[in-house]
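Have a look at the structure below before the remarks.
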Amino acid sequence: MELFNNKELELLRKAGVNIENKQEYTTDDKKYIFRQVSEFIMSHSSKNGDIGRLQYDYSGIFEKINK
């Protein structure tokens with residue numbers, strides 16, 4: 001069973017994270033995913049609520065990589 005579902009994989013692709021979906025990731029893989037997604041989120045505007053919406057959208061991914 002892979003770690004991410006199809007919706008999460010699509011979100012990762014939108015954030016520029018191209019990874020192979022597998023059950024386990026190394027610590028370096030997790031750091032890479034976290035850094036890429038964080039940079040993607042922070043590159044958006046907070047004035048129109050984009051950052052908050054994206055944080056919500058990506059929260060499941062953050063939970064999975066921080067286990």
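All residue names refer to the structure tokens as shown: chains lettered A, B, ... in order, residues numbered from 1 in each chain, ligands numbered from 1 in order.
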Task: Residues within 10 Å of Met42 of chain A, only C-alpha atoms, excluding chain neighbours under 5 positions, as an MDAnalysis selection string - done: chainID A and resid 37 50:52 54:55
With N, CA and C atoms kept, could you save the residues just selected as an mmCIF file, in the first residue's frame?
data_model
loop_
_atom_site.group_PDB
_atom_site.id
_atom_site.type_symbol
_atom_site.label_atom_id
_atom_site.label_comp_id
_atom_site.auth_asym_id
_atom_site.auth_seq_id
_atom_site.Cartn_x
_atom_site.Cartn_y
_atom_site.Cartn_z
ATOM 1 N N VAL A 37 7.030 21.533 -0.444
ATOM 2 C CA VAL A 37 5.635 21.921 -0.245
ATOM 3 C C VAL A 37 5.558 23.237 0.532
ATOM 4 N N ASP A 50 -4.846 32.501 0.160
ATOM 5 C CA ASP A 50 -4.249 31.347 -0.518
ATOM 6 C C ASP A 50 -3.400 30.496 0.424
ATOM 7 N N ILE A 51 -2.602 31.134 1.262
ATOM 8 C CA ILE A 51 -1.710 30.374 2.140
ATOM 9 C C ILE A 51 -2.517 29.494 3.093
ATOM 10 N N GLY A 52 -3.530 30.059 3.720
ATOM 11 C CA GLY A 52 -4.361 29.277 4.639
ATOM 12 C C GLY A 52 -5.053 28.120 3.956
ATOM 13 N N LEU A 54 -4.085 26.588 1.183
ATOM 14 C CA LEU A 54 -3.090 25.588 0.797
ATOM 15 C C LEU A 54 -2.584 24.811 2.008
ATOM 16 N N GLN A 55 -2.417 25.485 3.137
ATOM 17 C CA GLN A 55 -2.002 24.774 4.350
ATOM 18 C C GLN A 55 -3.034 23.703 4.709
#
Task: Nearest candidate to Ser43 of chain A (options A:Glu24, A:Lys64, A:Ala15, A:Lys31; using only C-alpha atoms) - done: A:Ala15
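Nearest to Arg13 of chain A of all the residues A:Ile65, A:Gln36, A:Tyr25, A:Lys30 is A:Gln36, counting only C-alpha atoms.
Considering the residues A:Asp57, A:Phe4, A:His44, A:Gly49 and counting only C-alpha atoms, Asn21 of chain A has its shortest atom-to-atom contact with A:Phe4.
The residues of segment 12-52 of chain A that DSSP classifies as helix (DSSP H, G or I), using the backbone of this structure, are Leu12, Arg13, Lys14, Thr27, Asp28, Asp29, Lys30, Lys31, Tyr32, Ile33, Phe34, Arg35, Gln36, Val37, Ser38, Glu39, Phe40, Ile41, Met42, Asp50, Ile51 and Gly52 of chain A.
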Task: Close residues, Leu9 of chain A itself excluded, 12 Å, only C-alpha atoms, min 2 positions apart in chain, as JSON, numbers by chain - done: {"A": [2, 3, 4, 5, 6, 7, 11, 12, 13, 14, 15, 16, 17, 18, 19, 20, 21, 22, 33, 37, 57, 58, 60, 61]}
Could you save those same residues with N, CA and C atoms as a short mmCIF file (atom, residue, chain, number, x, y, z; two decimals), in the first residue's frame?
data_model
loop_
_atom_site.label_atom_id
_atom_site.label_comp_id
_atom_site.auth_asym_id
_atom_site.auth_seq_id
_atom_site.Cartn_x
_atom_site.Cartn_y
_atom_site.Cartn_z
N GLU A 2 0.58 2.17 -0.86
CA GLU A 2 1.35 3.40 -0.97
C GLU A 2 0.93 4.39 0.12
N LEU A 3 1.82 5.31 0.42
CA LEU A 3 1.58 6.28 1.48
C LEU A 3 0.55 7.33 1.06
N PHE A 4 0.64 7.82 -0.17
CA PHE A 4 -0.21 8.91 -0.63
C PHE A 4 -1.32 8.41 -1.55
N ASN A 5 -2.51 9.02 -1.44
CA ASN A 5 -3.59 8.68 -2.36
C ASN A 5 -3.46 9.54 -3.63
N ASN A 6 -4.32 9.32 -4.60
CA ASN A 6 -4.22 10.03 -5.88
C ASN A 6 -4.37 11.53 -5.74
N LYS A 7 -5.27 11.97 -4.87
CA LYS A 7 -5.46 13.41 -4.66
C LYS A 7 -4.19 14.04 -4.09
N LEU A 11 -1.66 16.92 -5.63
CA LEU A 11 -1.23 18.11 -4.89
C LEU A 11 0.30 18.22 -4.87
N LEU A 12 0.97 17.09 -4.67
CA LEU A 12 2.43 17.10 -4.66
C LEU A 12 2.97 17.52 -6.02
N ARG A 13 2.37 17.02 -7.10
CA ARG A 13 2.81 17.40 -8.44
C ARG A 13 2.63 18.91 -8.65
N LYS A 14 1.50 19.46 -8.17
CA LYS A 14 1.27 20.90 -8.29
C LYS A 14 2.32 21.71 -7.55
N ALA A 15 2.84 21.13 -6.47
CA ALA A 15 3.87 21.81 -5.68
C ALA A 15 5.27 21.57 -6.25
N GLY A 16 5.37 20.82 -7.33
CA GLY A 16 6.66 20.56 -7.95
C GLY A 16 7.42 19.40 -7.35
N VAL A 17 6.72 18.55 -6.59
CA VAL A 17 7.36 17.39 -5.97
C VAL A 17 7.05 16.17 -6.83
N ASN A 18 8.07 15.67 -7.49
CA ASN A 18 7.90 14.48 -8.32
C ASN A 18 8.60 13.32 -7.63
N ILE A 19 7.81 12.50 -6.96
CA ILE A 19 8.36 11.38 -6.21
C ILE A 19 7.65 10.11 -6.60
N GLU A 20 8.30 9.02 -6.32
CA GLU A 20 7.70 7.71 -6.52
C GLU A 20 6.84 7.41 -5.30
N ASN A 21 5.61 7.01 -5.50
CA ASN A 21 4.73 6.71 -4.37
C ASN A 21 5.06 5.33 -3.83
N LYS A 22 5.49 5.31 -2.58
CA LYS A 22 5.84 4.04 -1.94
C LYS A 22 5.35 4.07 -0.49
N ILE A 33 10.25 16.59 0.73
CA ILE A 33 8.83 16.84 0.50
C ILE A 33 8.36 18.03 1.32
N VAL A 37 7.03 21.53 -0.44
CA VAL A 37 5.64 21.92 -0.24
C VAL A 37 5.56 23.24 0.53
N ASP A 57 -5.15 22.27 2.54
CA ASP A 57 -5.11 21.25 1.49
C ASP A 57 -3.96 20.26 1.70
N TYR A 58 -2.81 20.77 2.14
CA TYR A 58 -1.62 19.94 2.28
C TYR A 58 -1.43 19.36 3.68
N GLY A 60 -2.87 16.95 5.30
CA GLY A 60 -2.82 15.49 5.32
C GLY A 60 -1.46 14.96 4.90
N ILE A 61 -0.85 15.61 3.95
CA ILE A 61 0.48 15.21 3.49
C ILE A 61 1.49 15.46 4.60
#
